file query.tsv (TSV, C-alpha atoms)
chain	number	residue	atom	x	y	z
A	57	MET	CA	0.00	0.00	0.00
A	58	ALA	CA	1.51	3.32	-1.02
A	59	VAL	CA	1.45	6.05	1.59
A	60	GLU	CA	-1.33	8.60	1.44
A	61	LEU	CA	-0.12	11.85	2.95
A	62	THR	CA	-2.44	14.42	4.45
A	63	SER	CA	-3.01	17.72	2.72
A	64	ARG	CA	-1.65	19.47	5.81
A	65	GLN	CA	1.63	17.63	5.49
A	66	LYS	CA	1.86	18.27	1.78
A	67	SER	CA	0.99	21.95	2.03
A	68	LYS	CA	3.50	22.52	4.80
A	69	GLU	CA	6.38	20.75	3.18
A	70	LYS	CA	5.20	21.03	-0.42
A	71	ARG	CA	6.41	17.46	-0.87
A	72	SER	CA	5.75	13.94	0.35
A	73	LEU	CA	7.62	13.02	3.51
A	74	ILE	CA	7.87	9.34	4.33
A	75	GLY	CA	7.22	8.94	8.07
A	76	MET	CA	8.39	6.25	10.46
A	77	GLY	CA	7.32	2.81	9.32
A	78	GLN	CA	5.88	4.14	6.07
A	79	ILE	CA	6.67	3.13	2.50
A	80	GLY	CA	6.29	5.54	-0.39
A	81	VAL	CA	6.29	4.70	-4.10
A	82	GLU	CA	6.89	7.27	-6.84
A	83	SER	CA	8.03	7.49	-10.45
A	84	ALA	CA	9.93	10.17	-12.41
A	85	PRO	CA	9.84	13.14	-12.20
A	86	GLU	CA	8.83	12.86	-8.50
A	87	CYS	CA	11.12	12.62	-5.47
A	88	LEU	CA	10.86	10.68	-2.23
A	89	HIS	CA	11.88	12.44	0.99
A	90	SER	CA	12.49	11.43	4.58
A	91	VAL	CA	14.32	12.44	7.75
A	92	LEU	CA	16.36	9.70	9.39
A	93	GLY	CA	18.11	9.20	12.70
A	94	SER	CA	18.67	5.64	13.87
A	95	CYS	CA	16.15	4.50	11.27
A	96	VAL	CA	17.32	3.33	7.87
A	97	GLY	CA	15.93	4.63	4.61
A	98	LEU	CA	15.91	1.86	2.00
A	99	VAL	CA	15.41	2.86	-1.62
A	100	LEU	CA	14.58	0.20	-4.20
A	101	TYR	CA	14.49	1.50	-7.74
A	102	HIS	CA	14.36	0.36	-11.33
A	103	PRO	CA	16.94	2.30	-13.39
A	104	ARG	CA	15.15	1.98	-16.74
A	105	LEU	CA	11.53	2.37	-15.60
A	106	LYS	CA	12.49	5.12	-13.11
A	107	VAL	CA	10.10	3.89	-10.45
A	108	ALA	CA	11.25	3.78	-6.83
A	109	ALA	CA	10.08	2.84	-3.34
A	110	LEU	CA	11.44	4.33	-0.12
A	111	ALA	CA	10.88	2.59	3.22
A	112	HIS	CA	11.53	4.33	6.53
A	113	ILE	CA	12.64	1.29	8.55
A	114	VAL	CA	12.56	1.67	12.35
A	115	LEU	CA	13.63	-1.72	13.69
A	116	PRO	CA	15.52	-4.77	12.37
A	117	GLU	CA	13.07	-7.59	13.12
A	118	SER	CA	9.30	-7.93	13.15
A	119	ALA	CA	9.32	-11.10	15.27
A	120	GLY	CA	6.07	-12.18	13.64
A	121	ARG	CA	4.30	-8.80	13.86
A	122	SER	CA	2.79	-8.00	10.48
A	123	ALA	CA	0.70	-4.88	11.20
A	124	SER	CA	3.18	-2.31	9.85
A	125	PRO	CA	5.38	-3.92	7.21
A	126	GLY	CA	7.38	-0.75	6.62
A	127	LYS	CA	8.47	-0.59	10.25
A	128	PHE	CA	10.76	-3.63	10.17
A	129	ALA	CA	13.67	-4.54	7.91
A	130	ASP	CA	12.52	-8.13	7.38
A	131	THR	CA	8.97	-7.18	6.35
A	132	ALA	CA	9.67	-3.90	4.52
A	133	LEU	CA	11.76	-5.41	1.73
A	134	PRO	CA	9.23	-8.03	0.50
A	135	HIS	CA	6.43	-5.48	0.86
A	136	MET	CA	8.35	-2.95	-1.25
A	137	ILE	CA	8.95	-5.59	-3.93
A	138	ARG	CA	5.18	-6.27	-3.95
A	139	LEU	CA	4.33	-2.56	-4.19
A	140	LEU	CA	6.73	-2.12	-7.09
A	141	GLY	CA	5.36	-5.26	-8.70
A	142	ASN	CA	1.91	-3.64	-8.60
A	143	ARG	CA	3.41	-0.84	-10.69
A	144	GLY	CA	4.69	-3.34	-13.23
A	145	VAL	CA	8.25	-3.35	-11.94
A	146	ASN	CA	9.96	-6.73	-12.05
A	147	ARG	CA	12.23	-7.47	-9.09
A	148	SER	CA	15.01	-8.75	-11.36
A	149	GLY	CA	15.97	-5.23	-12.46
A	150	LEU	CA	15.89	-3.65	-9.01
A	151	LYS	CA	18.82	-1.89	-7.34
A	152	ALA	CA	19.11	-0.49	-3.82
A	153	LYS	CA	20.55	2.48	-1.96
A	154	ILE	CA	20.45	2.98	1.81
A	155	ALA	CA	21.05	5.81	4.28
A	156	GLY	CA	20.66	6.38	8.03
A	157	GLY	CA	21.34	4.06	10.95
A	158	ALA	CA	22.98	6.68	13.18
A	159	GLU	CA	23.39	6.31	16.92
A	160	MET	CA	21.91	9.64	17.96
A	161	PHE	CA	23.08	11.75	20.90
A	162	GLY	CA	26.04	9.56	21.65
A	163	LYS	CA	23.97	6.60	22.78
A	164	THR	CA	26.18	3.89	24.14
A	165	GLY	CA	25.38	0.53	25.68
A	166	PRO	CA	24.21	-2.70	24.15
A	167	LEU	CA	21.17	-1.32	22.30
A	168	LYS	CA	22.68	-0.20	18.99
A	169	ILE	CA	19.57	0.00	16.87
A	170	GLY	CA	21.18	2.04	14.09
A	171	ALA	CA	23.83	-0.61	13.48
A	172	ALA	CA	21.31	-3.44	13.82
A	173	ASN	CA	19.05	-1.78	11.25
A	174	ILE	CA	21.92	-1.43	8.77
A	175	MET	CA	22.93	-5.07	9.22
A	176	ALA	CA	19.37	-6.34	8.84
A	177	VAL	CA	18.72	-4.32	5.68
A	178	THR	CA	22.00	-5.28	3.98
A	179	ALA	CA	21.49	-8.95	4.88
A	180	GLY	CA	17.94	-8.83	3.49
A	181	LEU	CA	19.13	-7.30	0.22
A	182	LYS	CA	21.84	-9.92	-0.13
A	183	GLU	CA	19.36	-12.71	0.49
A	184	ALA	CA	16.93	-11.22	-2.05
A	185	GLY	CA	19.71	-10.86	-4.62
A	186	ILE	CA	19.21	-7.10	-4.99
A	187	PRO	CA	22.49	-5.22	-5.49
A	188	LEU	CA	23.24	-2.48	-2.96
A	189	VAL	CA	24.89	0.13	-5.15
A	190	ALA	CA	25.43	2.93	-2.61
A	191	SER	CA	25.12	3.58	1.11
A	192	HIS	CA	25.58	6.47	3.52
A	193	VAL	CA	25.15	5.06	7.01
A	194	GLY	CA	26.25	5.25	10.64
A	195	GLY	CA	27.63	8.24	12.52
A	196	LYS	CA	25.89	10.24	15.21
A	197	LYS	CA	23.88	12.78	13.21
A	198	GLY	CA	20.48	12.82	11.58
A	199	ARG	CA	20.07	12.83	7.81
A	200	ARG	CA	17.59	14.47	5.50
A	201	VAL	CA	17.36	12.35	2.38
A	202	CYS	CA	15.80	12.83	-1.03
A	203	PHE	CA	15.66	10.26	-3.83
A	204	ASP	CA	15.09	11.74	-7.27
A	205	CYS	CA	13.31	9.20	-9.47
A	206	SER	CA	14.56	10.97	-12.62
A	207	THR	CA	18.28	11.08	-11.85
A	208	LEU	CA	18.22	8.03	-9.51
A	209	GLN	CA	20.38	10.02	-7.10
A	210	LEU	CA	19.99	9.97	-3.35
A	211	THR	CA	20.87	13.32	-1.79
A	212	ILE	CA	21.98	13.33	1.84
A	213	GLU	CA	21.98	16.40	4.06
A	214	ILE	CA	23.61	16.41	7.48
A	215	ILE	CA	23.57	19.54	9.62
A	216	GLY	CA	26.95	21.32	9.43
A	217	GLN	CA	28.24	19.23	6.51
A	218	GLU	CA	28.34	19.53	2.74
A	219	LYS	CA	25.44	17.97	0.91
A	220	GLU	CA	26.36	14.57	-0.56
A	221	VAL	CA	24.89	12.70	-3.50
A	222	ILE	CA	25.17	8.94	-3.84
B	18	MET	CA	-28.09	17.04	30.21
B	19	THR	CA	-25.36	15.42	32.26
B	20	GLU	CA	-22.21	14.71	30.35
B	21	ILE	CA	-20.68	11.35	31.22
B	22	SER	CA	-17.10	10.92	30.19
B	23	SER	CA	-15.89	7.53	29.03
B	24	PRO	CA	-13.32	5.49	31.00
B	25	ALA	CA	-10.78	6.34	28.31
B	26	ASP	CA	-11.40	10.04	28.87
B	27	ALA	CA	-11.09	9.61	32.64
B	28	ARG	CA	-7.82	7.76	32.23
B	29	GLN	CA	-6.54	10.44	29.88
B	30	GLU	CA	-7.52	13.08	32.41
B	31	ARG	CA	-5.61	11.31	35.19
B	32	ILE	CA	-2.51	10.94	33.01
B	33	TYR	CA	-2.76	14.63	32.18
B	34	GLU	CA	-3.00	15.50	35.90
B	35	LEU	CA	0.04	13.38	36.66
B	36	PHE	CA	2.17	15.13	34.03
B	37	SER	CA	0.71	18.51	35.02
B	38	GLY	CA	2.19	18.03	38.50
B	39	ALA	CA	5.63	17.36	37.02
B	40	THR	CA	5.27	20.34	34.68
B	41	GLN	CA	4.37	22.61	37.60
B	42	GLU	CA	7.54	21.59	39.45
B	43	ALA	CA	9.59	22.25	36.31
B	44	SER	CA	7.83	25.56	35.81
B	45	ASP	CA	8.66	26.70	39.35
B	46	ALA	CA	12.30	25.71	38.82
B	47	MET	CA	12.42	27.48	35.44
B	48	SER	CA	10.83	30.59	36.91
B	49	ARG	CA	13.48	30.73	39.65
B	50	TRP	CA	16.25	30.11	37.09
B	51	THR	CA	15.08	32.93	34.79
B	52	GLY	CA	14.19	35.44	37.51
B	53	GLY	CA	10.45	34.89	37.15
B	54	GLU	CA	10.42	35.48	33.40
B	55	VAL	CA	9.70	32.05	31.94
B	56	THR	CA	7.08	29.49	32.98
B	57	LEU	CA	5.90	26.15	31.59
B	58	SER	CA	2.49	24.64	30.98
B	59	LEU	CA	1.61	21.15	29.81
B	60	ASN	CA	0.24	21.20	26.27
B	61	GLU	CA	-0.73	17.59	25.82
B	62	VAL	CA	-0.09	13.96	26.66
B	63	GLN	CA	-0.72	11.98	23.51
B	64	GLU	CA	-0.61	8.41	22.34
B	65	ILE	CA	0.30	8.83	18.70
B	66	SER	CA	0.53	6.25	15.96
B	67	LEU	CA	4.18	5.80	15.01
B	68	ASP	CA	3.66	6.70	11.36
B	69	GLU	CA	1.92	9.98	12.26
B	70	ILE	CA	4.42	11.26	14.78
B	71	PHE	CA	6.29	13.63	12.47
B	72	GLU	CA	3.20	15.51	11.41
B	73	GLN	CA	1.43	15.37	14.78
B	74	LEU	CA	4.38	16.86	16.63
B	75	ASP	CA	5.15	19.21	13.77
B	76	VAL	CA	8.89	18.61	13.88
B	77	CYS	CA	9.31	17.21	10.37
B	78	GLU	CA	12.48	18.71	8.93
B	79	ASP	CA	13.11	21.52	11.37
B	80	LEU	CA	16.65	22.18	12.50
B	81	LEU	CA	16.40	22.39	16.27
B	82	THR	CA	18.72	23.13	19.13
B	83	MET	CA	18.12	20.55	21.80
B	84	VAL	CA	19.18	19.47	25.26
B	85	VAL	CA	18.59	15.77	25.94
B	86	LEU	CA	18.47	14.07	29.33
B	87	SER	CA	18.29	10.28	29.18
B	88	ILE	CA	17.18	7.94	31.95
B	89	ASP	CA	18.79	4.75	30.71
B	90	GLU	CA	16.91	2.36	32.99
B	91	GLU	CA	14.07	-0.01	32.26
B	92	ILE	CA	11.74	2.46	33.97
B	93	GLY	CA	13.09	5.53	32.28
B	94	GLY	CA	12.75	7.65	29.18
B	95	GLU	CA	14.09	10.66	27.35
B	96	LEU	CA	13.47	14.28	28.17
B	97	ILE	CA	14.17	16.64	25.27
B	98	LEU	CA	14.19	20.42	25.53
B	99	THR	CA	13.88	21.99	22.06
B	100	PHE	CA	14.33	25.49	20.65
B	101	ASP	CA	14.61	26.92	17.21
B	102	GLU	CA	18.00	28.55	16.59
B	103	LEU	CA	16.89	32.09	17.35
B	104	ASN	CA	15.10	31.27	20.59
B	105	GLY	CA	17.89	29.03	21.82
B	106	ARG	CA	20.37	31.84	21.17
B	107	ARG	CA	18.16	34.35	22.95
B	108	LEU	CA	17.86	32.25	26.07
B	109	ALA	CA	21.57	31.41	26.15
B	110	ALA	CA	22.49	35.07	25.67
B	111	THR	CA	20.13	36.18	28.43
B	112	LEU	CA	21.50	33.62	30.86
B	113	ALA	CA	25.09	34.43	29.94
B	114	GLY	CA	24.41	38.18	30.21
B	115	ARG	CA	25.49	38.86	26.60
B	116	GLU	CA	24.05	40.27	23.40
B	117	VAL	CA	22.45	37.78	21.02
B	118	ASP	CA	24.98	36.81	18.34
B	119	LEU	CA	23.53	34.79	15.49
B	120	GLU	CA	26.63	34.92	13.30
B	121	SER	CA	29.23	33.13	15.41
B	122	PRO	CA	29.24	29.44	16.33
B	123	TRP	CA	27.78	28.51	19.70
B	124	THR	CA	30.30	29.20	22.45
B	125	PRO	CA	30.94	26.70	25.26
B	126	LEU	CA	29.35	29.21	27.66
B	127	GLU	CA	26.14	29.40	25.60
B	128	LYS	CA	25.94	25.61	25.31
B	129	SER	CA	26.58	25.29	29.02
B	130	ALA	CA	23.81	27.79	29.79
B	131	LEU	CA	21.29	25.77	27.77
B	132	CYS	CA	22.46	22.48	29.26
B	133	GLU	CA	22.09	23.91	32.75
B	134	THR	CA	18.56	25.03	31.86
B	135	GLY	CA	17.78	21.49	30.71
B	136	ASN	CA	19.30	20.10	33.86
B	137	ILE	CA	17.35	22.36	36.19
B	138	LEU	CA	13.94	21.94	34.66
B	139	GLY	CA	14.55	18.30	33.73
B	140	CYS	CA	15.51	17.31	37.26
B	141	ALA	CA	12.49	19.12	38.73
B	142	TYR	CA	10.20	17.42	36.17
B	143	LEU	CA	11.70	13.97	36.70
B	144	ASN	CA	11.78	14.29	40.51
B	145	ALA	CA	8.05	14.98	40.49
B	146	LEU	CA	7.40	12.01	38.20
B	147	ALA	CA	9.67	9.79	40.31
B	148	GLN	CA	7.79	10.75	43.45
B	149	ALA	CA	4.43	10.06	41.79
B	150	VAL	CA	5.50	6.67	40.44
B	151	GLY	CA	7.65	5.65	43.41
B	152	VAL	CA	10.90	4.96	41.58
B	153	ASP	CA	14.28	6.65	41.26
B	154	LEU	CA	14.75	8.48	37.97
B	155	ILE	CA	18.38	9.49	37.58
B	156	PRO	CA	19.08	11.30	34.33
B	157	SER	CA	22.31	11.38	32.35
B	158	PRO	CA	24.25	14.65	32.15
B	159	PRO	CA	22.52	16.98	29.69
B	160	HIS	CA	23.56	16.53	26.08
B	161	PHE	CA	23.60	19.53	23.69
B	162	ILE	CA	22.54	18.71	20.12
B	163	GLN	CA	21.77	20.63	16.95
B	164	ASP	CA	20.04	18.37	14.51
B	165	TYR	CA	16.78	17.57	12.76
B	166	GLY	CA	14.07	17.29	15.42
B	167	ALA	CA	12.64	14.19	13.75
B	168	SER	CA	16.01	12.39	13.86
B	169	VAL	CA	16.37	12.91	17.60
B	170	LEU	CA	12.78	11.94	18.35
B	171	GLN	CA	13.27	8.68	16.43
B	172	GLN	CA	16.01	7.59	18.79
B	173	ALA	CA	14.06	8.72	21.84
B	174	LEU	CA	10.97	6.67	21.10
B	175	LEU	CA	12.70	3.45	20.04
B	176	THR	CA	12.16	1.55	23.28
B	177	GLN	CA	8.42	2.11	22.98
B	178	ALA	CA	8.44	1.38	19.24
B	179	MET	CA	9.93	-2.06	19.90
B	180	MET	CA	6.73	-3.16	21.60
B	181	THR	CA	3.93	-0.94	20.32
B	182	ASP	CA	2.85	1.28	17.43
B	183	GLU	CA	1.16	3.79	19.76
B	184	ILE	CA	3.78	6.08	21.27
B	185	MET	CA	3.12	8.07	24.45
B	186	ILE	CA	4.61	11.55	24.44
B	187	ALA	CA	4.07	14.46	26.86
B	188	ARG	CA	4.65	17.90	25.35
B	189	THR	CA	5.12	21.04	27.42
B	190	GLY	CA	5.20	24.62	26.20
B	191	PHE	CA	6.82	27.77	27.54
B	192	ALA	CA	5.61	31.32	28.10
B	193	ARG	CA	7.21	34.61	28.95
B	194	GLY	CA	4.39	36.56	30.57
B	195	ASP	CA	1.49	36.29	28.12
B	196	GLU	CA	3.75	35.49	25.18
B	197	GLN	CA	3.96	31.84	24.09
B	198	LEU	CA	7.54	30.92	23.24
B	199	ASP	CA	8.53	28.53	20.48
B	200	TRP	CA	10.24	26.17	22.91
B	201	SER	CA	9.07	22.71	23.97
B	202	VAL	CA	9.88	19.91	26.35
B	203	TYR	CA	9.09	16.39	25.22
B	204	PHE	CA	9.08	13.50	27.64
B	205	ILE	CA	9.02	10.08	26.02
B	206	PRO	CA	8.75	7.31	28.62
B	207	THR	CA	10.04	3.80	28.10
B	208	LEU	CA	7.40	1.09	27.90
B	209	ALA	CA	8.16	0.04	31.51
B	210	MET	CA	7.71	3.67	32.56
B	211	ARG	CA	4.35	3.73	30.81
B	212	ASP	CA	3.37	0.61	32.74
B	213	ALA	CA	4.52	2.23	36.00
B	214	LEU	CA	2.44	5.31	35.19
B	215	GLU	CA	-0.60	3.12	34.51
B	216	GLN	CA	-0.10	1.29	37.82
B	217	THR	CA	0.13	4.60	39.63
B	218	LEU	CA	-3.10	5.73	38.04
B	219	SER	CA	-4.82	2.43	38.89
B	220	SER	CA	-3.78	2.58	42.53
B	221	ARG	CA	-4.86	6.22	42.80
B	222	ASN	CA	-8.18	5.32	41.23
B	223	GLY	CA	-8.57	2.43	43.69
B	224	GLN	CA	-7.83	4.71	46.63
B	225	ALA	CA	-10.29	7.25	45.33
B	226	LYS	CA	-13.04	4.61	45.19
B	227	VAL	CA	-12.30	3.51	48.80
call {"tool": "encode", "arguments": {"input": "query.tsv", "output": "structure tokens"}}
result
Amino acid sequence: MAVELTSRQKSKEKRSLIGMGQIGVESAPECLHSVLGSCVGLVLYHPRLKVAALAHIVLPESAGRSASPGKFADTALPHMIRLLGNRGVNRSGLKAKIAGGAEMFGKTGPLKIGAANIMAVTAGLKEAGIPLVASHVGGKKGRRVCFDCSTLQLTIEIIGQEKEVI
Amino acid sequence: MTEISSPADARQERIYELFSGATQEASDAMSRWTGGEVTLSLNEVQEISLDEIFEQLDVCEDLLTMVVLSIDEEIGGELILTFDELNGRRLAATLAGREVDLESPWTPLEKSALCETGNILGCAYLNALAQAVGVDLIPSPPHFIQDYGASVLQQALLTQAMMTDEIMIARTGFARGDEQLDWSVYFIPTLAMRDALEQTLSSRNGQAKV
């Protein structure tokens, strides 16, 4: 199910923002946007058809919970493939880019969700046979990300740093 | 016609009262700290669906200056004091007895002034909650951050998100006299803290019935 955003959200931001646990699907010339901290943004896209899905993944494992497929790494990926399939996109041509997975405000201790999210997403992609062509992950700062379905570029903004494109 | 509120409303009212008490303690501390200028009032205690949090709290892509106090225990949570750049600068300058300077990077003194503010109001807030719930809540040293508000909130609500899609958040606003300031305090309890709050409410309700 593609995300339906409220008019309030659209009018304020003048663009679609993918919230926690949500999955958005767009095609050129649209862009997909999100703001990430410890969460991981997974983009699956088809280079020729220029259709893409962005999932805002919060946690690595669903442990059998199926209510919000976009929330977990293990359920988001198959759900994204299904959503893209509904748009006529065959999984065999898909490629992936990821960003996020920070450990915000210097969190220490055993609960490293950012790192766990990155591991779960990369393992899922490997298992699904989808090439991960670029990533911008880790660190201790939030990221504002934008995937342009026309150029297939993922732009990363971190406060106090130069904008990066992967 | 008599209006009968539902049990859910009554519960919500009791939660609100509980957080109002903590907010009042923080407000008194903040008032003393700022020479009577700034006070706090509880805006809302909400249980928000995870996927709606950005828009509900209106912190989508805003760059915020924040002070974070973490209680890294099972019964714990995160307390986040947020300002936009201008208001953070104004408060820091006032406390440091300097002119507002928006051009230069934040000085250690300005950061320290904001952290101390977070510490003072955070400890008052958490002491009141600890007393209500009957546990010790010992926060980390205050942590100064400038980042996207949404990125910081994500980390803060993770322990709840692991178990539920409905996230409890208490939001408090600030005022200087009659003027509402664009500052907020968010308290995001852990799931165990939520349970402790519920137990406190149940026992209070039981006592009230007796």
call {"tool": "closest_residue", "arguments": {"input": "query.tsv", "among": "A:Ser90, A:Thr211, A:Asn146, A:Ser83", "to": "chain B", "atoms": "all atoms listed in the file"}}
result
A:Ser90
call {"tool": "residues_around", "arguments": {"input": "query.tsv", "residues": "segment 35-49 of chain B", "least_positions_apart": "2", "cutoff": "9 Å", "atoms": "only C-alpha atoms", "output": "PyMOL selection string"}}
result
chain B and resi 30-33+51-59+62+134+137-146+149+187+189+191+214+218
call {"tool": "atom_distance", "arguments": {"input": "query.tsv", "atom1": "atom CA of Asp195 of chain B", "atom2": "atom CA of Val85 of chain B"}}
result
26.8 Å
call {"tool": "residues_around", "arguments": {"input": "query.tsv", "residues": "Ser121 of chain B", "least_positions_apart": "5", "cutoff": "12 Å", "atoms": "all atoms listed in the file", "output": "MDAnalysis selection string"}}
result
chainID B and resid 106 116 127
call {"tool": "interface_residues", "arguments": {"input": "query.tsv", "of": "chain B", "to": "chain A", "cutoff": "7 Å", "atoms": "all atoms listed in the file", "output": "PyMOL selection string"}}
result
chain B and resi 67-69+71-72+78+164-165+167-169+171-172
call {"tool": "residues_around", "arguments": {"input": "query.tsv", "residues": "Arg147 of chain A", "least_positions_apart": "2", "cutoff": "10 Å", "atoms": "all atoms listed in the file", "output": "PyMOL selection string"}}
result
chain A and resi 100-102+136-138+140-141+144-145+149-151+184-186
call {"tool": "atom_distance", "arguments": {"input": "query.tsv", "atom1": "atom CA of Thr181 of chain B", "atom2": "atom CA of Thr207 of chain B"}}
result
11.0 Å
call {"tool": "atom_distance", "arguments": {"input": "query.tsv", "atom1": "atom CA of Ala110 of chain B", "atom2": "atom CA of Asn60 of chain B"}}
result
26.2 Å
call {"tool": "residues_around", "arguments": {"input": "query.tsv", "residues": "Ser66 of chain B", "least_positions_apart": "5", "cutoff": "9 Å", "atoms": "all atoms listed in the file", "output": "ChimeraX atom specification"}}
result
/B:182-184
call {"tool": "residues_around", "arguments": {"input": "query.tsv", "residues": "Ala108 of chain A", "least_positions_apart": "3", "cutoff": "9 Å", "atoms": "all atoms listed in the file", "output": "VMD selection string"}}
result
chain A and resid 80 to 84 87 to 88 99 to 103 105 140 203 to 205 208
call {"tool": "closest_residue", "arguments": {"input": "query.tsv", "among": "A:Lys106, A:His135, A:Lys196, A:Lys219", "to": "Ala171 of chain A", "atoms": "all atoms listed in the file"}}
result
A:Lys196
call {"tool": "axis_aligned_box", "arguments": {"input": "query.tsv", "around": "segment 174-184 of chain A", "padding_each_side": "6 Å", "output": "AutoDock Vina command-line options"}}
result
--center_x 19.9 --center_y -7.1 --center_z 3.6 --size_x 18.0 --size_y 23.3 --size_z 23.3
call {"tool": "closest_residue", "arguments": {"input": "query.tsv", "among": "B:Ala130, B:Leu198, B:Met179, B:Val152", "to": "Phe100 of chain B", "atoms": "only C-alpha atoms"}}
result
B:Leu198
call {"tool": "closest_residue", "arguments": {"input": "query.tsv", "among": "B:Arg188, B:Tyr203, B:Leu126, B:Ile155", "to": "Leu112 of chain B", "atoms": "only C-alpha atoms"}}
result
B:Leu126
call {"tool": "closest_residue", "arguments": {"input": "query.tsv", "among": "A:Lys168, A:Val221, A:Ala152, A:Gly157", "to": "Pro187 of chain A", "atoms": "all atoms listed in the file"}}
result
A:Ala152
